Amino acid sequence: MRRRDFITLLGGAAASVTLPHAARAQQSMPVVGYLNIASSSGNAQFVAAFRQGLKDAGFVEGHDVAIEFRFAEGRIERMPAMAAELVGKPVRVIVTDTAGTPVAKAATSTIPIVFLTPGDPVRAGFVASFSRPAGNVTGVSFVNATIGSKRLELLRELVPGARTIALLMNPAFSTAELDLEDMQAAVQTMGLRVIVQRASNDSEIDAAFASFAQQRPDALLVLPDSYLTARRAYIVALEARHAIPAMHSPRDWVVSGGLVSYGSNTSNSYRQGGVYAGRILKGEKPADLPVVQPTKFELVINLKTARALGLEAPDKLLALADEVIE
C-alpha cells in the first residue's frame with residue numbers, strides 16, 4: 001500500500017471514531033425548554049437577556065447547553081401541545097411566561113419550571129409562597145400588578161385633568177380579575193370614573209378601542225399581562241390613532257412608542273430567569289430557590305409621544321424619570 005493511501009485510510013478511521021463521540025457529546029448536552037406566548041421577533045430582547053443569564057450561570061448555548069424554543073405567536077391554545085413536545089424531548093428545565101406556566105404545570109410535575117410573570121405567583125397559584133415555592137416550580141415575579149396605584153398617580157400627573165380612566169386587561173391572565181379589583185378600588189378612591197374593557201385576542205383589542213372611541217376616556221391604564229405585552233406595538237398604534245394617553249408596565253412599551261411606563265426592568269427579569277435555569281442545571285432544586293422579586297422600579301417617559309398627544313410633562317416628573325425618550 002502506498003504511503004499516501006495509508007494516511008488517507010488512517011484519517012478516515014480516525015474520523016469514524018471521533019464523530020460518534022461528538023454526536024454523543026451533543027446528545028448529552030443539557031436541553032432547556034423556552035415556552036412563550038409571544039412571537040420570536042417580539043421576544044428577541046428578552047431571549048437575549050435570558051441567554052445572558054444562562055451565560056452568567058456558566059452555560060453558553062451551543063457549547064454546554066441547548067435551547068428548544070417554542071413561540072405560540074399569541075395563540076394560547078397552541079401552548080399545551082408545545083409544552084407536551086418539550087416534556088417529551090425531554091428537557092431538563094422549562095422556562096416560560098405567565099400564559100405558559102399553568103400549561104407547563106399540567107404537562108409535568110417532575111421537570112423543573114422557571115416562570116417569568118408580571119403578576120403575583122402566589123395569587124396565581126404557581127407557588128405556595130415567595131420564600132418557599134415548593135414542588136417543581138419557581139421563578140421571577142415582576143410584581144407589577146401590586147404597584148397599580150402608583151401608576152395611576154403618575155398617569156394623572158401627566159394628564160392632570162383626567163376624570164375617566166379606562167382599564168384594558170386580559171381576562172385569561174391568571175390574576176386578572178384580582179388585579180382588576182385592586183385597580184378599580186384605587187380609581188374609585190381617587191374619585192374617578194372607570195371604564196373596563198377585556199381583550200385576549202386582536203379582534204377583542206380592536207373592539208375595546210372602538211368602545212374607547214365612543215366613551216372617550218381621558219386616559220388608559222393597561223394592566224400587566226404577557227399576551228398584551230407581546231402585542232404592544234399593535235396596541236400602541238391604536239393608542240396613537242385614538243389619541244389616548246396610556247400608562248404601561250415595563251419600559252418596552254415606551255420604547256415601542258407608548259407614552260409612559262412604571263415597572264421593573266423586564267429584560268433584567270429574563271436574565272434572572274436564565275440564571276435560575278443555570279442553577280437548576282447545576283443541581284439546585286426549584287423548591288429551594290425563592291421567587292425573585294424586583295428591588296427597583298423604573299419610570300420611563302416618551303416625550304415625542306407626549307407632544308403628539310398635546311401633553312407637557314411636568315419638570316418634577318421628568319426629574320423623577322429614570323429614562324426620557326426624545
# chains A, B, ... in the order shown; residues from 1 in each chain; ligands from 1

$ residues_around --residues "A:Phe126" --least-positions-apart "5" --cutoff "12 Å" --atoms "only C-alpha atoms" --output "VMD selection string"
chain A and resid 96 to 106 113 to 117 119 to 121 132 to 141 174 to 175 287 291

$ residues_around --residues "stretch 234-248 of chain A" --least-positions-apart "5" --cutoff "10 Å" --atoms "only C-alpha atoms" --output "JSON, numbers by chain"
{"A": [144, 148, 151, 152, 154, 155, 156, 158, 159, 162, 165, 166, 167, 202, 205, 206, 209, 210, 212, 213, 216, 217, 218, 219, 220, 221, 222, 223, 224, 228, 229, 253, 254, 256, 257, 258, 259, 260, 261, 262, 263, 300, 301, 305, 306, 308, 309, 310, 311]}

$ write_last_selection --atoms "C-alpha atoms" --output "PDB file, in the first residue's frame"
ATOM      1  CA  ASN A 144     -46.113  44.949  38.520  1.00  0.00           C
ATOM      2  CA  GLY A 148     -51.119  49.919  40.174  1.00  0.00           C
ATOM      3  CA  ARG A 151     -49.033  54.027  38.093  1.00  0.00           C
ATOM      4  CA  LEU A 152     -52.358  55.777  38.367  1.00  0.00           C
ATOM      5  CA  LEU A 154     -48.066  59.141  37.746  1.00  0.00           C
ATOM      6  CA  LEU A 155     -50.547  58.992  34.866  1.00  0.00           C
ATOM      7  CA  ARG A 156     -52.632  61.732  36.469  1.00  0.00           C
ATOM      8  CA  LEU A 158     -49.125  63.648  33.018  1.00  0.00           C
ATOM      9  CA  VAL A 159     -52.855  64.107  32.399  1.00  0.00           C
ATOM     10  CA  ALA A 162     -58.235  63.154  33.774  1.00  0.00           C
ATOM     11  CA  ILE A 165     -59.800  56.197  33.388  1.00  0.00           C
ATOM     12  CA  ALA A 166     -60.044  53.216  31.054  1.00  0.00           C
ATOM     13  CA  LEU A 167     -58.581  49.877  32.085  1.00  0.00           C
ATOM     14  CA  ASP A 202     -56.707  41.029  18.314  1.00  0.00           C
ATOM     15  CA  ILE A 205     -58.437  44.542  21.303  1.00  0.00           C
ATOM     16  CA  ASP A 206     -59.983  46.265  18.277  1.00  0.00           C
ATOM     17  CA  PHE A 209     -60.565  50.618  21.312  1.00  0.00           C
ATOM     18  CA  ALA A 210     -63.771  51.047  19.321  1.00  0.00           C
ATOM     19  CA  PHE A 212     -62.968  53.782  23.934  1.00  0.00           C
ATOM     20  CA  ALA A 213     -63.622  55.906  20.843  1.00  0.00           C
ATOM     21  CA  ARG A 216     -63.877  58.899  25.248  1.00  0.00           C
ATOM     22  CA  PRO A 217     -61.887  58.183  28.450  1.00  0.00           C
ATOM     23  CA  ASP A 218     -59.293  60.785  29.457  1.00  0.00           C
ATOM     24  CA  ALA A 219     -56.531  58.209  29.916  1.00  0.00           C
ATOM     25  CA  LEU A 220     -55.846  54.488  29.713  1.00  0.00           C
ATOM     26  CA  LEU A 221     -54.041  52.103  32.025  1.00  0.00           C
ATOM     27  CA  VAL A 222     -53.046  48.718  30.557  1.00  0.00           C
ATOM     28  CA  LEU A 223     -52.918  46.024  33.223  1.00  0.00           C
ATOM     29  CA  PRO A 224     -49.813  43.789  33.272  1.00  0.00           C
ATOM     30  CA  LEU A 228     -50.805  42.203  25.841  1.00  0.00           C
ATOM     31  CA  THR A 229     -47.098  42.948  26.178  1.00  0.00           C
ATOM     32  CA  TRP A 253     -43.993  49.684  25.776  1.00  0.00           C
ATOM     33  CA  VAL A 254     -42.488  53.177  25.800  1.00  0.00           C
ATOM     34  CA  SER A 256     -42.360  50.889  21.172  1.00  0.00           C
ATOM     35  CA  GLY A 257     -43.962  54.350  21.226  1.00  0.00           C
ATOM     36  CA  GLY A 258     -46.137  54.256  24.344  1.00  0.00           C
ATOM     37  CA  LEU A 259     -46.448  57.383  26.484  1.00  0.00           C
ATOM     38  CA  VAL A 260     -45.242  56.288  29.913  1.00  0.00           C
ATOM     39  CA  SER A 261     -44.375  53.197  31.920  1.00  0.00           C
ATOM     40  CA  TYR A 262     -43.629  52.390  35.525  1.00  0.00           C
ATOM     41  CA  GLY A 263     -42.398  48.952  36.488  1.00  0.00           C
ATOM     42  CA  VAL A 300     -39.860  55.945  31.565  1.00  0.00           C
ATOM     43  CA  ILE A 301     -41.466  58.774  29.553  1.00  0.00           C
ATOM     44  CA  THR A 305     -45.499  60.695  22.181  1.00  0.00           C
ATOM     45  CA  ALA A 306     -46.394  63.300  24.804  1.00  0.00           C
ATOM     46  CA  ALA A 308     -48.115  64.199  19.718  1.00  0.00           C
ATOM     47  CA  LEU A 309     -50.868  63.980  22.348  1.00  0.00           C
ATOM     48  CA  GLY A 310     -50.565  67.671  23.196  1.00  0.00           C
ATOM     49  CA  LEU A 311     -49.222  66.934  26.681  1.00  0.00           C
TER      50      LEU A 311
END

$ select_by_dssp --residues "stretch 76-276 of chain A" --states "strand (DSSP E or B)" --output "PyMOL selection string"
chain A and resi 93-97+113-117+137-141+164-169+193-198+219-222+246-248+260-263

$ closest_atom_pairs --of "stretch 154-204 of chain A" --to "stretch 71-89 of chain A" --cutoff "12 Å" --atoms "only C-alpha atoms" --output "Markdown table"
| residue | atom | partner | partner_atom | distance |
| --- | --- | --- | --- | --- |
| A:Ala172 | CA | A:Ile76 | CA | 9.3 |
| A:Phe173 | CA | A:Ile76 | CA | 10.8 |
| A:Ser200 | CA | A:Gly74 | CA | 9.1 |
| A:Asn201 | CA | A:Gly74 | CA | 7.8 |
| A:Asp202 | CA | A:Gly74 | CA | 9.2 |

$ closest_residue --among "A:Ala207, A:Ile147, A:Val194, A:Ala199" --to "A:Phe297" --atoms "only C-alpha atoms"
A:Ile147

$ residues_around --residues "A:Ile280" --least-positions-apart "4" --cutoff "9 Å" --atoms "only C-alpha atoms" --output "mmCIF file with C-alpha atoms, in the first residue's frame"
data_model
loop_
_atom_site.group_PDB
_atom_site.id
_atom_site.type_symbol
_atom_site.label_atom_id
_atom_site.label_comp_id
_atom_site.auth_asym_id
_atom_site.auth_seq_id
_atom_site.Cartn_x
_atom_site.Cartn_y
_atom_site.Cartn_z
ATOM 1 C CA ARG A 92 -34.040 19.460 31.887
ATOM 2 C CA VAL A 93 -35.929 22.657 32.754
ATOM 3 C CA PRO A 112 -38.365 21.994 36.931
ATOM 4 C CA VAL A 275 -29.578 32.444 35.941
ATOM 5 C CA TYR A 276 -32.159 30.310 37.744
ATOM 6 C CA GLU A 284 -30.304 23.028 42.668
ATOM 7 C CA LYS A 285 -33.978 22.300 43.306
ATOM 8 C CA PRO A 286 -36.780 24.742 42.399
#
